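K.L.:
Input coords.cif, format and content: mmCIF, C-alpha atoms.
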data_model
#
loop_
_atom_site.label_atom_id
_atom_site.label_comp_id
_atom_site.auth_asym_id
_atom_site.auth_seq_id
_atom_site.Cartn_x
_atom_site.Cartn_y
_atom_site.Cartn_z
CA MET A 1 143.32 94.02 92.93
CA ILE A 2 144.47 95.06 89.50
CA LEU A 3 141.80 97.58 88.77
CA GLY A 4 140.99 98.77 92.26
CA LEU A 5 137.41 99.06 91.18
CA ASP A 6 135.31 100.64 93.85
CA PHE A 7 131.73 99.98 92.93
CA PRO A 8 129.42 102.23 94.97
CA PRO A 9 126.58 100.54 96.88
CA VAL A 10 123.32 100.02 95.05
CA SER A 11 121.49 102.44 97.33
CA GLN A 12 123.33 105.33 95.71
CA LEU A 13 121.44 104.65 92.53
CA THR A 14 118.02 104.53 94.09
CA THR A 15 118.01 107.04 96.96
CA TRP A 16 118.04 110.70 96.05
CA LYS A 17 118.82 113.79 98.02
CA VAL A 18 115.79 115.83 99.08
CA LEU A 19 115.93 119.25 97.43
CA PHE A 20 113.21 121.09 99.33
CA GLY A 21 109.98 120.43 101.15
CA GLY A 22 111.25 118.52 104.19
CA THR A 23 112.08 114.85 104.50
CA GLY A 24 108.51 113.70 105.06
CA LEU A 25 105.90 112.81 102.51
CA PHE A 26 106.12 116.08 100.60
CA GLY A 27 109.85 116.30 100.02
CA TRP A 28 110.88 117.06 96.44
CA THR A 29 113.84 115.20 95.01
CA ARG A 30 115.21 115.52 91.49
CA VAL A 31 113.02 112.61 90.50
CA THR A 32 109.89 114.55 91.51
CA VAL A 33 111.06 117.44 89.34
CA GLN A 34 111.42 114.95 86.47
CA ILE A 35 107.82 113.77 86.91
CA VAL A 36 106.47 117.33 86.84
CA LEU A 37 108.60 118.09 83.76
CA SER A 38 107.26 114.98 82.00
CA VAL A 39 103.66 116.07 82.55
CA ALA A 40 104.50 119.58 81.33
CA ILE A 41 106.25 118.21 78.21
CA ILE A 42 103.37 115.92 77.25
CA LEU A 43 100.73 118.60 77.80
CA THR A 44 102.71 121.17 75.80
CA PHE A 45 103.28 118.73 72.95
CA PHE A 46 99.62 117.85 72.55
CA PHE A 47 98.44 121.44 72.95
CA ILE A 48 100.78 122.61 70.21
CA ALA A 49 99.76 119.69 68.02
CA GLY A 50 96.06 120.38 68.35
CA ARG A 51 96.13 124.11 67.96
CA ARG A 52 95.72 124.53 64.25
CA LYS A 53 93.39 121.62 63.43
CA ALA A 54 94.41 121.50 59.76
CA LEU A 55 92.73 118.84 57.66
CA VAL A 56 96.05 117.79 56.11
CA PRO A 57 98.40 117.55 59.06
CA SER A 58 102.00 118.67 58.98
CA GLY A 59 104.74 119.11 61.55
CA THR A 60 103.78 118.53 65.18
CA GLN A 61 100.20 117.66 64.31
CA ASN A 62 101.51 114.93 62.02
CA ILE A 63 103.51 113.32 64.81
CA ALA A 64 100.58 113.47 67.22
CA GLU A 65 98.20 112.01 64.65
CA SER A 66 100.57 109.16 63.82
CA ALA A 67 100.84 108.44 67.57
CA VAL A 68 97.03 108.28 67.84
CA ASP A 69 96.91 106.00 64.78
CA PHE A 70 99.56 103.76 66.30
CA ILE A 71 97.57 103.43 69.54
CA GLN A 72 94.33 102.79 67.73
CA ASP A 73 95.57 100.28 65.14
CA GLY A 74 98.31 98.60 67.09
CA ILE A 75 96.76 98.37 70.54
CA ILE A 76 93.06 99.05 70.78
CA LEU A 77 91.68 97.39 67.66
CA GLN A 78 93.68 94.26 68.36
CA SER A 79 92.56 93.77 71.94
CA MET A 80 89.32 95.61 72.55
CA GLY A 81 87.66 95.67 69.16
CA GLU A 82 85.61 98.48 67.70
CA GLU A 83 83.86 99.57 70.90
CA GLY A 84 87.23 100.09 72.58
CA LEU A 85 87.95 103.18 70.48
CA ASN A 86 86.43 105.26 73.27
CA TRP A 87 89.44 104.29 75.37
CA THR A 88 91.89 106.00 73.01
CA PRO A 89 92.57 109.07 75.21
CA PHE A 90 93.32 106.91 78.25
CA MET A 91 95.61 104.55 76.34
CA LEU A 92 97.40 107.42 74.63
CA THR A 93 97.98 109.18 77.96
CA LEU A 94 99.23 105.98 79.60
CA PHE A 95 101.57 105.20 76.73
CA SER A 96 103.07 108.66 76.41
CA PHE A 97 103.42 109.10 80.19
CA ILE A 98 105.33 105.83 80.60
CA LEU A 99 107.39 106.50 77.47
CA VAL A 100 108.52 109.96 78.59
CA LEU A 101 109.22 108.71 82.13
CA ASN A 102 111.35 105.87 80.73
CA LEU A 103 113.22 108.11 78.32
CA TRP A 104 114.76 110.18 81.15
CA GLU A 105 117.21 107.26 81.39
CA VAL A 106 119.14 108.31 78.30
CA LEU A 107 119.06 112.08 78.69
CA PRO A 108 122.60 113.18 79.66
CA ALA A 109 121.94 115.60 82.51
CA PHE A 110 119.41 113.44 84.32
CA GLN A 111 119.93 109.75 83.39
CA MET A 112 117.54 108.39 85.97
CA PRO A 113 114.41 106.59 84.75
CA VAL A 114 111.62 107.69 87.03
CA THR A 115 110.05 104.26 86.71
CA ALA A 116 113.06 102.76 88.52
CA HIS A 117 111.26 103.77 91.73
CA ILE A 118 108.50 101.26 92.44
CA ALA A 119 106.01 104.04 93.26
CA ILE A 120 104.99 105.06 89.73
CA PRO A 121 104.62 101.54 88.23
CA ALA A 122 102.74 100.43 91.36
CA GLU A 123 100.35 103.36 91.12
CA LEU A 124 99.71 102.79 87.41
CA ALA A 125 99.19 99.05 87.98
CA ILE A 126 96.68 99.73 90.76
CA LEU A 127 94.90 102.17 88.44
CA VAL A 128 94.63 99.54 85.69
CA TRP A 129 93.47 96.95 88.24
CA VAL A 130 90.69 99.18 89.57
CA LEU A 131 89.70 99.99 85.98
CA PHE A 132 89.40 96.48 84.68
CA ASN A 133 87.48 95.30 87.74
CA ALA A 134 85.16 98.29 87.46
CA VAL A 135 84.57 97.70 83.73
CA GLY A 136 83.86 94.04 84.39
CA ILE A 137 81.42 94.77 87.19
CA LYS A 138 79.70 97.47 85.17
CA SER A 139 79.25 95.42 82.01
CA GLN A 140 78.41 92.05 83.53
CA GLY A 141 76.91 92.79 86.93
CA PHE A 142 78.66 92.33 90.25
CA LEU A 143 77.97 88.65 90.97
CA THR A 144 78.12 87.47 87.35
CA TYR A 145 81.56 89.03 86.91
CA PHE A 146 83.03 87.22 89.90
CA LYS A 147 81.24 84.02 88.98
CA ASN A 148 82.68 84.13 85.47
CA MET A 149 86.13 84.88 86.85
CA ALA A 150 86.19 82.17 89.50
CA PHE A 151 84.27 79.50 87.61
CA PRO A 152 85.06 79.88 83.90
CA PRO A 153 82.29 78.41 81.78
CA GLY A 154 82.97 75.38 79.67
CA VAL A 155 85.07 73.56 82.26
CA PRO A 156 83.78 70.18 83.61
CA TRP A 157 82.85 70.75 87.23
CA PRO A 158 85.35 68.43 89.00
CA LEU A 159 88.17 70.53 87.59
CA TYR A 160 86.86 73.59 89.45
CA ILE A 161 88.77 72.47 92.54
CA LEU A 162 91.99 72.99 90.61
CA VAL A 163 91.06 75.82 88.29
CA THR A 164 89.26 78.23 90.62
CA PRO A 165 92.12 79.08 93.02
CA ILE A 166 94.51 79.46 90.09
CA GLU A 167 92.10 81.72 88.21
CA VAL A 168 91.26 83.90 91.20
CA VAL A 169 94.87 84.40 92.25
CA SER A 170 96.04 84.97 88.69
CA THR A 171 93.34 87.51 87.85
CA LEU A 172 93.12 89.43 91.10
CA PHE A 173 96.72 89.39 92.29
CA VAL A 174 99.23 88.30 89.67
CA ARG A 175 98.03 90.70 86.96
CA PRO A 176 98.65 94.03 88.71
CA LEU A 177 101.74 92.68 90.47
CA SER A 178 103.33 91.47 87.26
CA LEU A 179 102.43 94.71 85.45
CA ALA A 180 104.16 96.81 88.09
CA VAL A 181 107.19 94.56 88.59
CA ARG A 182 107.76 94.05 84.85
CA LEU A 183 108.04 97.79 84.23
CA PHE A 184 110.01 98.49 87.41
CA ALA A 185 112.47 95.61 87.01
CA ASN A 186 113.18 96.31 83.35
CA MET A 187 113.97 99.95 84.04
CA LEU A 188 115.98 99.24 87.21
CA ALA A 189 118.01 96.52 85.45
CA GLY A 190 118.82 98.87 82.57
CA HIS A 191 119.82 101.62 85.00
CA LEU A 192 122.10 99.25 86.93
CA LEU A 193 123.71 97.97 83.72
CA LEU A 194 124.46 101.48 82.46
CA ALA A 195 125.79 102.52 85.86
CA SER A 196 128.03 99.42 86.07
CA PHE A 197 129.55 99.97 82.65
CA ALA A 198 130.04 103.68 83.31
CA VAL A 199 131.90 102.97 86.56
CA LEU A 200 134.00 100.31 84.79
CA SER A 201 134.91 102.67 81.94
CA ALA A 202 135.81 105.46 84.35
CA ALA A 203 137.95 103.14 86.46
CA MET A 204 139.78 101.79 83.43
CA PHE A 205 140.44 105.21 81.94
CA THR A 206 141.99 106.44 85.19
CA ALA A 207 143.72 103.22 86.25
CA ASN A 208 147.05 103.38 88.04
CA ALA A 209 148.43 100.69 85.71
CA ILE A 210 149.14 102.58 82.47
CA TYR A 211 148.83 99.53 80.21
CA LEU A 212 145.15 99.17 81.12
CA ARG A 213 144.07 102.62 80.03
CA PRO A 214 143.59 101.99 76.27
CA PHE A 215 141.40 98.98 77.08
CA GLY A 216 138.90 101.33 78.62
CA ILE A 217 137.53 101.85 75.13
CA LEU A 218 135.91 98.41 75.26
CA PRO A 219 133.44 98.98 78.10
CA PHE A 220 132.90 102.48 76.77
CA GLY A 221 131.83 101.13 73.39
CA LEU A 222 129.49 98.67 75.06
CA LEU A 223 128.10 101.54 77.16
CA ILE A 224 127.18 103.40 73.95
CA ALA A 225 125.52 100.29 72.50
CA LEU A 226 123.63 99.65 75.74
CA THR A 227 122.32 103.22 75.80
CA GLY A 228 120.86 102.66 72.34
CA PHE A 229 119.36 99.41 73.58
CA GLU A 230 117.83 101.26 76.53
CA VAL A 231 115.86 103.49 74.16
CA LEU A 232 114.38 100.37 72.57
CA VAL A 233 113.58 98.89 75.99
CA ALA A 234 111.91 102.16 77.09
CA PHE A 235 109.63 102.14 74.06
CA LEU A 236 108.95 98.42 74.34
CA GLN A 237 108.04 98.53 78.02
CA ALA A 238 105.63 101.42 77.50
CA PHE A 239 104.04 99.49 74.62
CA ILE A 240 103.79 96.27 76.64
CA PHE A 241 102.19 98.02 79.65
CA THR A 242 99.62 99.73 77.42
CA ILE A 243 98.73 96.66 75.40
CA LEU A 244 98.37 94.54 78.55
CA ALA A 245 96.11 97.18 80.09
CA ALA A 246 94.03 97.12 76.88
CA VAL A 247 93.88 93.30 76.89
CA TYR A 248 92.76 93.16 80.54
CA ILE A 249 90.07 95.79 80.02
CA GLY A 250 88.95 94.06 76.82
CA LEU A 251 88.73 90.72 78.62
CA ALA A 252 86.63 92.32 81.32
CA MET A 253 84.29 93.83 78.73
CA HIS A 254 83.61 90.60 76.86
CA PRO A 255 84.84 87.49 78.62
CA GLU A 256 86.02 84.72 76.36
CA HIS A 257 83.95 81.62 76.27
CA MET B 258 130.49 73.45 101.65
CA LEU B 259 128.64 76.67 101.06
CA VAL B 260 128.63 77.30 104.79
CA LEU B 261 132.38 76.69 104.87
CA ALA B 262 132.98 79.12 102.01
CA ALA B 263 130.83 81.80 103.62
CA GLN B 264 132.44 81.29 107.01
CA GLN B 265 135.93 81.74 105.67
CA ALA B 266 134.96 85.09 104.19
CA GLY B 267 134.22 86.42 107.66
CA GLU B 268 130.59 87.12 108.33
CA LEU B 269 128.22 84.21 107.97
CA ALA B 270 124.99 86.08 107.37
CA THR B 271 126.14 88.43 104.63
CA GLY B 272 128.14 85.67 102.98
CA LEU B 273 125.18 83.35 102.81
CA LYS B 274 122.95 86.13 101.57
CA THR B 275 125.29 86.94 98.71
CA VAL B 276 125.56 83.27 97.73
CA GLY B 277 121.79 83.03 97.91
CA ALA B 278 121.41 86.06 95.67
CA GLY B 279 123.61 84.42 93.08
CA ILE B 280 121.61 81.20 93.20
CA VAL B 281 118.33 83.15 92.91
CA TYR B 282 119.26 84.89 89.71
CA GLY B 283 121.03 81.87 88.23
CA GLY B 284 118.01 79.68 88.75
CA ALA B 285 115.62 82.36 87.53
CA ALA B 286 117.43 82.90 84.24
CA ILE B 287 117.26 79.32 82.92
CA GLY B 288 113.54 79.00 82.20
CA PRO B 289 112.97 82.36 80.49
CA GLY B 290 116.09 81.84 78.39
CA ILE B 291 114.68 78.65 76.91
CA GLY B 292 111.19 80.16 76.77
CA ILE B 293 112.21 83.25 74.81
CA GLY B 294 114.17 81.03 72.44
CA LEU B 295 111.05 78.98 71.76
CA VAL B 296 108.88 82.08 71.22
CA VAL B 297 111.26 83.70 68.76
CA ALA B 298 111.83 80.39 66.94
CA SER B 299 108.08 79.99 66.34
CA ALA B 300 107.84 83.61 65.26
CA ILE B 301 110.65 83.20 62.72
CA GLU B 302 109.06 80.05 61.32
CA ALA B 303 105.69 81.78 61.04
CA MET B 304 107.24 84.76 59.27
CA ALA B 305 109.03 82.42 56.87
CA ARG B 306 105.91 80.48 56.01
CA GLN B 307 103.75 83.58 55.42
CA PRO B 308 105.74 86.78 54.95
CA GLU B 309 102.63 88.95 54.55
CA ALA B 310 101.64 88.20 58.17
CA SER B 311 104.96 89.55 59.49
CA GLY B 312 103.41 92.61 61.17
CA PRO B 313 100.99 90.91 63.59
CA VAL B 314 103.45 88.05 64.14
CA ARG B 315 106.13 90.53 65.15
CA THR B 316 103.74 92.28 67.58
CA THR B 317 102.74 88.96 69.15
CA MET B 318 106.39 87.96 69.40
CA PHE B 319 107.22 91.11 71.38
CA LEU B 320 104.26 90.43 73.66
CA GLY B 321 105.46 86.87 74.30
CA ILE B 322 109.03 88.06 74.96
CA ALA B 323 107.83 90.61 77.51
CA PHE B 324 105.76 88.01 79.37
CA THR B 325 108.58 85.48 79.68
CA GLU B 326 111.24 88.08 80.39
CA ALA B 327 109.19 89.36 83.34
CA LEU B 328 109.91 86.11 85.17
CA ALA B 329 113.67 86.47 84.74
CA LEU B 330 113.45 90.05 85.94
CA PHE B 331 111.54 89.01 89.08
CA GLY B 332 114.60 86.92 89.91
CA PHE B 333 116.99 89.78 89.12
CA VAL B 334 115.16 92.19 91.41
CA LEU B 335 114.94 89.57 94.19
CA ALA B 336 118.69 88.98 93.93
CA PHE B 337 119.38 92.67 94.45
CA LEU B 338 116.91 92.84 97.32
CA LEU B 339 118.67 89.90 98.96
CA LYS B 340 122.13 91.37 98.51
CA GLY B 341 121.05 94.39 100.49
#
For this file, produce the structure as structure tokens.
P.N.:
Amino acid sequence: MILGLDFPPVSQLTTWKVLFGGTGLFGWTRVTVQIVLSVAIILTFFFIAGRRKALVPSGTQNIAESAVDFIQDGIILQSMGEEGLNWTPFMLTLFSFILVLNLWEVLPAFQMPVTAHIAIPAELAILVWVLFNAVGIKSQGFLTYFKNMAFPPGVPWPLYILVTPIEVVSTLFVRPLSLAVRLFANMLAGHLLLASFAVLSAAMFTANAIYLRPFGILPFGLLIALTGFEVLVAFLQAFIFTILAAVYIGLAMHPEH
Amino acid sequence: MLVLAAQQAGELATGLKTVGAGIVYGGAAIGPGIGIGLVVASAIEAMARQPEASGPVRTTMFLGIAFTEALALFGFVLAFLLKG
């Protein structure tokens, strides 16, 4: 082989060494430390932003207020309407949590998106699933909610044989599954891409064949471009998760006729 | 022919699994590729016909891209799960 590229197995990117706490359920890896740091960062940011309560915001309060405006105008008003404005704290927390967890991908010392482990997206998807079922049951009554979900009104009754299984499976199973897998797969794919190009650049820069070494600048340039792209993907995936959660809860509040 | 190729590489099971992983992602990438092209094409035409609606059209375009791209990424993740 010309390059002698020795790509490490995929498990090296997804299994982390336990730092302390034993190898059981309560072991702490570096990823766990990243989760705790994310929560601390978000809490600190919003505490500092809300401390002075000036009428004309400036500095940190300005950023926090523009984030709240973005959630309200871009996500809640478009999917849940006016009465969804009570959901602003939940949507803002969801959005900022996923955004900070995704952004660990591009930070030089860590470079591991926490959402590349299936645990966090699965837990958030289950949370959204429980929420939209609970909102539907609470606002429409237990039996009416399931009747409206399984037998959508306005469909001629012979088509129910075809439509009902599709509707039930798609609402009860496909929605949380696709929410979790979309976030997880996007972040894992980005992580694998960055790792592949980093290994390729390193191998080319230290190749035994001297004439290959200057060409290492090509995968290195693409690595820089891909890192910028990963920031966009992190923001986009957090936005998509939040707006889908808002759409599902809005659909459960007032079902479309 | 696939069996022959995998057999010559040495181990039948891992060879077939790797070939399968390649087929999984290759097949999964066709549909979303065409789908995302259609979504963005409609979005561009809408933005050209009515430039003042660019904001909501752009938001809806990103939503459509995320939905269709999810299917391609299911295939990508399955390919890596198959490869072991």
K.L.:
For Gly321 in chain B, work out the shell of residues within 12 Å, counting all atoms listed in the file and skipping chain neighbours fewer than 6 positions away, then give it as an MDAnalysis selection string.
P.N.:
(chainID A and resid 240 243:244) or (chainID B and resid 289 292:300 314:315 327:328)
K.L.:
Identify every residue of chain B that has at least one atom within 9 Å of any atom of chain A, counting all atoms listed in the file, and report the result as a VMD selection string.
P.N.:
chain B and resid 313 316 319 to 320 323 to 324 326 to 328 330 to 331 333 to 334 337 341
K.L.:
Could you give me, as an MDAnalysis selection string, the residues within 12 Å of range 130-138 of chain A, counting only C-alpha atoms and dropping anything in the same chain fewer than 4 positions from it?
P.N.:
chainID A and resid 84 87 90 123:126 142:149 171:173 175:176 244:255
K.L.:
Taking into account all atoms listed in the file, which residue in the set B:Ile322, B:Leu335, B:Ala305, B:Leu269 is nearest to Gly284 in chain B?
P.N.:
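Checking each of B:Ile322, B:Leu335, B:Ala305, B:Leu269 against Gly284 in chain B, counting all atoms listed in the file, the winner is B:Leu335.
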K.L.:
Work out how far apart CA of Ala122 in chain A and CA of Asn102 in chain A are and give it in Å to one decimal.
P.N.:
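Computed distance, CA of Ala122 in chain A to CA of Asn102 in chain A, equals 14.7 Å.
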K.L.:
Any idea what's packed within 12 Å of Ile63 in chain A, counting all atoms listed in the file, ignoring anything in its chain fewer than 5 positions away? Could you give it as a list in words?
P.N.:
Phe45, Phe46, Ile48, Ala49, Gly50, Pro57, Ser58, Val68, Asp69 and Phe70 of chain A
K.L.:
Using only C-alpha atoms, which of A:Val106, A:Ala209, A:Val114, A:Ile76 sits nearest Val31 in chain A?
P.N.:
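Once distances to Val31 in chain A are computed over only C-alpha atoms, the minimum belongs to A:Val114.
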K.L.:
Could you state the separation of CA of Leu194 in chain A and CA of Gly279 in chain B in Å, given to one decimal place?
P.N.:
20.1 Å
K.L.:
To verify the selection step, state as a PDB file with C-alpha atoms, in the coordinates of the input which residues the PyMOL selection byres ((chain A and resi 17) around 9) yields on this input.
P.N.:
ATOM      1  CA  THR A  15     118.010 107.040  96.960  1.00  0.00           C
ATOM      2  CA  TRP A  16     118.040 110.700  96.050  1.00  0.00           C
ATOM      3  CA  VAL A  18     115.790 115.830  99.080  1.00  0.00           C
ATOM      4  CA  LEU A  19     115.930 119.250  97.430  1.00  0.00           C
ATOM      5  CA  TRP A  28     110.880 117.060  96.440  1.00  0.00           C
ATOM      6  CA  THR A  29     113.840 115.200  95.010  1.00  0.00           C
ATOM      7  CA  ARG A  30     115.210 115.520  91.490  1.00  0.00           C
TER       8      ARG A  30
END
K.L.:
Between CA of Gly277 in chain B and CA of Gly332 in chain B, what is the distance, to one decimal in Å?
P.N.:
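Going from CA of Gly277 in chain B over to CA of Gly332 in chain B covers 11.4 Å.
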K.L.:
Using all atoms listed in the file, which protein or nucleic acid residues come within 12 Å of Gln111 in chain A? Drop anything in the same chain fewer than 2 positions from it, and give the result as a list in words.
P.N.:
Leu13, Arg30, Val31, Gln34, Leu101, Asn102, Leu103, Trp104, Glu105, Val106, Leu107, Pro108, Ala109, Pro113, Val114, Thr115, Ala116, Met187, Leu188, Gly190, His191, Leu192, Leu194, Ala195, Ala198, Thr227, Glu230 and Val231 of chain A
K.L.:
Applied to this file, what does the PyMOL selection byres ((chain A and resi 220) around 12) return in terms of residues, put as a PyMOL selection string?
P.N.:
chain A and resi 194-205+213-219+221-227
K.L.:
Ala278 in chain B: which residues within 7 Å, counting only C-alpha atoms, same-chain residues fewer than 5 positions away excluded, as a ChimeraX atom specification?
P.N.:
/B:336,339-340
